[in-house]
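Coordinates as given in my_file-v1.cif (mmCIF, C-alpha atoms):
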```cif
data_my_file
#
loop_
_atom_site.label_atom_id
_atom_site.label_comp_id
_atom_site.auth_asym_id
_atom_site.auth_seq_id
_atom_site.Cartn_x
_atom_site.Cartn_y
_atom_site.Cartn_z
CA MET A 1 39.58 59.98 21.82
CA THR A 2 40.61 62.73 19.43
CA HIS A 3 37.46 62.08 17.41
CA SER A 4 35.34 62.64 20.56
CA LEU A 5 37.29 65.76 21.41
CA ARG A 6 36.76 67.19 17.90
CA PHE A 7 33.06 66.38 18.06
CA PHE A 8 32.78 68.04 21.48
CA ALA A 9 34.69 71.12 20.24
CA LEU A 10 32.40 71.35 17.18
CA ILE A 11 29.23 71.09 19.30
CA PHE A 12 30.60 73.62 21.80
CA SER A 13 31.52 76.06 19.00
CA ALA A 14 28.08 75.72 17.41
CA PHE A 15 26.43 76.32 20.76
CA LEU A 16 28.64 79.37 21.35
CA VAL A 17 27.81 80.86 17.93
CA VAL A 18 24.07 80.29 18.38
CA SER A 19 24.05 81.77 21.88
CA CYS A 20 25.97 84.89 20.78
CA ASN A 21 23.42 85.68 18.07
CA SER A 22 20.47 85.43 20.40
CA SER A 23 17.69 87.96 19.96
CA TYR A 24 17.07 88.06 23.70
CA SER A 25 16.73 91.55 25.08
CA GLU A 26 16.00 92.78 28.55
CA ALA A 27 12.91 94.91 28.04
CA PRO A 28 11.80 96.96 31.03
CA TYR A 29 8.65 95.86 32.78
CA LEU A 30 7.37 99.45 32.92
CA SER A 31 6.98 101.77 29.99
CA THR A 32 9.63 104.44 29.55
CA ASN A 33 7.29 107.45 29.70
CA TYR A 34 7.40 107.86 33.47
CA VAL A 35 6.50 111.56 33.39
CA VAL A 36 3.08 110.97 31.82
CA GLU A 37 2.37 107.98 34.05
CA THR A 38 2.86 110.07 37.18
CA ALA A 39 0.54 112.92 36.15
CA ASN A 40 -1.62 114.17 39.00
CA THR A 41 -0.26 111.69 41.54
CA LEU A 42 -0.67 114.57 44.00
CA ASN A 43 -3.32 117.27 43.69
CA TYR A 44 -1.50 120.62 43.56
CA ILE A 45 -4.60 122.65 42.60
CA GLY A 46 -5.40 125.59 44.88
CA GLU A 47 -5.08 129.32 45.43
CA ALA A 48 -4.13 130.95 48.70
CA THR A 49 -6.66 133.42 50.07
CA HIS A 50 -4.36 134.65 52.85
CA PRO A 51 -0.68 134.21 53.79
CA LYS A 52 -1.30 131.34 56.27
CA ASP A 53 -3.63 129.34 53.97
CA ARG A 54 -2.96 125.57 54.19
CA SER A 55 -5.87 124.29 52.10
CA MET A 56 -3.77 122.91 49.21
CA LEU A 57 -0.53 121.10 48.46
CA MET A 58 2.51 122.98 47.17
CA PHE A 59 5.06 121.78 44.59
CA SER A 60 8.76 122.23 45.32
CA ASP A 61 11.86 120.53 43.93
CA GLN A 62 15.68 120.63 43.98
CA GLY A 63 15.74 121.44 47.72
CA ALA A 64 14.11 124.84 47.24
CA TRP A 65 12.61 126.63 50.24
CA PHE A 66 9.71 127.95 48.18
CA ALA A 67 6.86 126.28 46.32
CA TYR A 68 3.97 126.83 43.88
CA SER A 69 0.54 125.36 43.16
CA LEU A 70 -1.74 125.10 40.13
CA PRO A 71 -4.42 127.84 40.00
CA GLN A 72 -8.09 126.98 40.47
CA THR A 73 -9.18 129.66 38.02
CA LYS A 74 -8.35 130.03 34.33
CA SER A 75 -5.33 132.24 35.00
CA LEU A 76 -1.98 132.44 33.24
CA GLY A 77 0.44 131.83 36.05
CA PHE A 78 0.91 129.61 39.07
CA SER A 79 -0.26 130.13 42.64
CA GLY A 80 2.47 131.40 44.89
CA PRO A 81 5.19 131.44 45.83
CA PHE A 82 4.81 129.76 49.19
CA LEU A 83 7.87 130.60 51.30
CA MET A 84 9.01 127.86 53.68
CA THR A 85 9.99 129.98 56.66
CA GLN A 86 10.68 129.26 60.33
CA GLN A 87 7.10 130.33 61.07
CA ASN A 88 5.81 127.19 59.25
CA GLY A 89 5.62 128.96 55.90
CA VAL A 90 3.66 131.81 54.35
CA TRP A 91 2.26 132.60 50.93
CA ALA A 92 3.96 135.68 49.49
CA SER A 93 1.17 136.18 46.95
CA LYS A 94 -1.94 134.64 45.48
CA ARG A 95 -0.14 134.72 42.11
CA LEU A 96 3.02 136.80 41.95
CA SER A 97 3.79 136.19 38.25
CA GLU A 98 0.59 136.25 36.22
CA LEU A 99 0.67 136.76 32.46
CA GLU A 100 -2.00 139.06 31.09
CA LEU A 101 -2.74 138.78 27.36
CA LEU A 102 -4.65 141.55 25.61
CA GLU A 103 -6.28 141.30 22.19
CA ASP A 104 -7.72 144.52 20.75
CA GLY A 105 -7.30 146.12 24.19
CA SER A 106 -9.39 143.50 26.01
CA PRO A 107 -8.13 140.67 28.23
CA VAL A 108 -8.09 137.29 26.50
CA THR A 109 -10.50 134.80 28.09
CA PHE A 110 -10.11 131.05 27.86
CA SER A 111 -12.78 128.41 27.40
CA SER A 112 -10.82 125.38 28.60
CA GLN A 113 -8.01 124.65 31.00
CA LYS A 114 -5.97 121.50 31.56
CA ARG A 115 -3.87 121.43 34.74
CA GLU A 116 -1.39 118.70 35.55
CA GLY A 117 1.03 118.17 38.38
CA PHE A 118 3.94 115.87 37.63
CA LEU A 119 6.72 114.65 39.89
CA SER A 120 9.13 116.89 37.96
CA HIS A 121 7.07 120.00 37.14
CA LEU A 122 3.69 121.74 37.02
CA GLU A 123 1.94 122.31 33.69
CA GLN A 124 -1.22 124.00 32.49
CA THR A 125 -2.72 124.55 29.05
CA LEU A 126 -5.44 127.12 28.40
CA THR A 127 -7.27 127.45 25.08
CA ASN A 128 -10.01 129.38 23.36
CA ASP A 129 -11.13 129.33 19.73
CA HIS A 130 -7.91 130.90 18.40
CA ILE A 131 -5.17 130.83 21.08
CA LYS A 132 -3.46 128.01 22.98
CA VAL A 133 -1.18 128.89 25.90
CA LYS A 134 0.95 126.22 27.56
CA GLN A 135 2.87 127.00 30.74
CA GLN A 136 5.39 124.83 32.57
CA LEU A 137 6.99 125.55 35.94
CA TYR A 138 10.05 123.60 37.04
CA PHE A 139 12.98 124.08 39.38
CA THR A 140 16.52 124.22 37.99
CA SER A 141 18.13 124.58 41.42
CA GLY A 142 17.23 125.22 45.02
CA HIS A 143 17.21 128.94 44.23
CA THR A 144 15.57 129.08 40.79
CA ALA A 145 12.14 128.22 39.43
CA VAL A 146 11.62 128.64 35.67
CA LEU A 147 8.28 129.45 34.06
CA ASN A 148 8.11 128.59 30.36
CA THR A 149 5.19 130.02 28.38
CA TYR A 150 4.31 128.94 24.83
CA ILE A 151 1.63 130.93 22.96
CA THR A 152 0.26 129.37 19.76
CA ASN A 153 -2.19 130.81 17.24
CA ILE A 154 -4.47 127.87 16.44
CA SER A 155 -6.68 129.81 14.02
CA ASP A 156 -6.17 130.67 10.36
CA THR A 157 -6.25 134.42 10.97
CA LYS A 158 -3.47 136.71 12.08
CA ILE A 159 -3.85 138.01 15.63
CA VAL A 160 -2.03 140.72 17.54
CA LEU A 161 -1.49 140.25 21.25
CA ARG A 162 -0.04 142.49 23.92
CA SER A 163 1.37 140.94 27.04
CA ASN A 164 2.03 142.11 30.55
CA TRP A 165 3.27 140.40 33.72
CA LYS A 166 1.40 141.38 36.86
CA GLY A 167 1.17 140.33 40.48
CA MET A 168 0.73 141.65 44.01
CA LEU A 169 2.10 140.60 47.38
CA PHE A 170 -0.17 139.81 50.30
CA ALA A 171 -0.29 142.63 52.84
CA ASP A 172 1.42 141.80 56.16
#
```
Write-out of the structure in structure tokens:
Amino acid sequence: MTHSLRFFALIFSAFLVVSCNSSYSEAPYLSTNYVVETANTLNYIGEATHPKDRSMLMFSDQGAWFAYSLPQTKSLGFSGPFLMTQQNGVWASKRLSELELLEDGSPVTFSSQKREGFLSHLEQTLTNDHIKVKQQLYFTSGHTAVLNTYITNISDTKIVLRSNWKGMLFAD
């Protein structure tokens, strides 16, 4: 009987050691880059032509009572804000915070634009032969939207830029 018990204990111990060194891992079924996978789930592209315009979707987050959209044109800034009021909402501006870049006194024009709406933020990238501008808009709270702007010289020559923020409210 003791011989059987020892044999059982040895087999059990071996099984325990083998099972503890298993290379089994619980890999997720989905990839971990959820932000990229959700790009453009909703189409946030549009520009208000008047305060009551409802021809596009608006992006809002963190319980904010205001929202933005991606511009249709190659503009540095986001459409809006759209104010969620008791009167079913109004656009305050076509583009209240628009970045204007000047090179040698002339406005910089862009040849390509990539616009993406994610579940967490809006993003656009505009480029020409020597400048790349990437902008991201995200909400940090129900009261604050942050606009990050990254300007990169993609040419081999030195360039001098002047910048200015501009925007106008819609008239009542």
Practice task
Would you list the contacts of Arg162 (chain A) as a list in words, taking every protein, DNA or RNA residue within 9 Å and counting all atoms listed in the file, but skipping same-chain residues closer than 4 positions in sequence?
Solution key: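 With the cut-off at 9 Å, the set is Glu100, Leu101, Leu102, Glu103, Asp104 and Gly105 of chain A.
With all atoms listed in the file as the basis for measurement, A:Ala64 is the residue among A:Leu169, A:Val108, A:Leu10, A:Ala64 that approaches Gly142 (chain A) most closely.
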Problem - Picked residues, the PyMOL selection byres ((chain A and resi 131) around 7), expected as a VMD selection string - result: chain A and resid 127 to 130 132 to 133 152 to 154
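For the residues A:Ser4, A:Phe82, A:Leu99, A:Ser155, ranking by smallest atom-to-atom distance to Ser60 (chain A) using all atoms listed in the file places A:Phe82 first.
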Problem - Nearby residues (all atoms listed in the file) at most 10 Å from Val36 (chain A), same-chain spacing under 5 positions excluded, as a ChimeraX atom specification - result: /A:116-119
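Here CA of Leu57 (chain A) is placed at a distance of 17.4 Å from CA of Gln87 (chain A).
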Exercise for the section: In Å, rounded to a single decimal, give me how far CA of Gln62 (chain A) is from CA of Phe139 (chain A). Expected result: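 Taking CA of Phe139 (chain A) as the start and CA of Gln62 (chain A) as the end point, the length is 6.4 Å.
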Handout entry: Among listed residues A:Ser106, A:Ser97, A:Asn40, A:Thr73, nearest Leu161 (chain A) (using all atoms listed in the file)
Key =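 Result for the nearest residue to Leu161 (chain A): A:Ser106.
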Problem - Residue IDs satisfying the PyMOL selection byres ((chain A and resi 74) around 8), as JSON, numbers by chain - result: {"A": [71, 72, 73, 75, 76, 110, 112, 113, 126]}
Problem - For Tyr150 (chain A), the nearest of the candidates A:Ser79, A:Gln135, A:Ser163, A:Thr49, counting all atoms listed in the file - result: A:Gln135
Practice task
Please identify all polymer residues within 8 Å of Arg95 (chain A), counting all atoms listed in the file, omitting same-chain residues fewer than 4 positions from it, and present them as number ranges by chain.
Solution key: A: 77-81, 167-168
Write the selection just made, keeping C-alpha atoms, as a CSV table (one decimal), in the coordinates of the input?
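Writing done, so here's selection37.csv:
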```csv
chain,number,residue,atom,x,y,z
A,77,GLY,CA,0.4,131.8,36.0
A,78,PHE,CA,0.9,129.6,39.1
A,79,SER,CA,-0.3,130.1,42.6
A,80,GLY,CA,2.5,131.4,44.9
A,81,PRO,CA,5.2,131.4,45.8
A,167,GLY,CA,1.2,140.3,40.5
A,168,MET,CA,0.7,141.6,44.0
```
Practice task
Give me the result of the PyMOL selection byres ((chain A and resi 147) around 6) on this file, residue by residue, as a ChimeraX atom specification.
Solution key: /A:136-137,146,148
Practice task
Report the distance between CA of Asn43 (chain A) and CA of Ser69 (chain A) in Å, rounded to one decimal place.
Solution key: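 Going from CA of Asn43 (chain A) over to CA of Ser69 (chain A) covers 9.0 Å.
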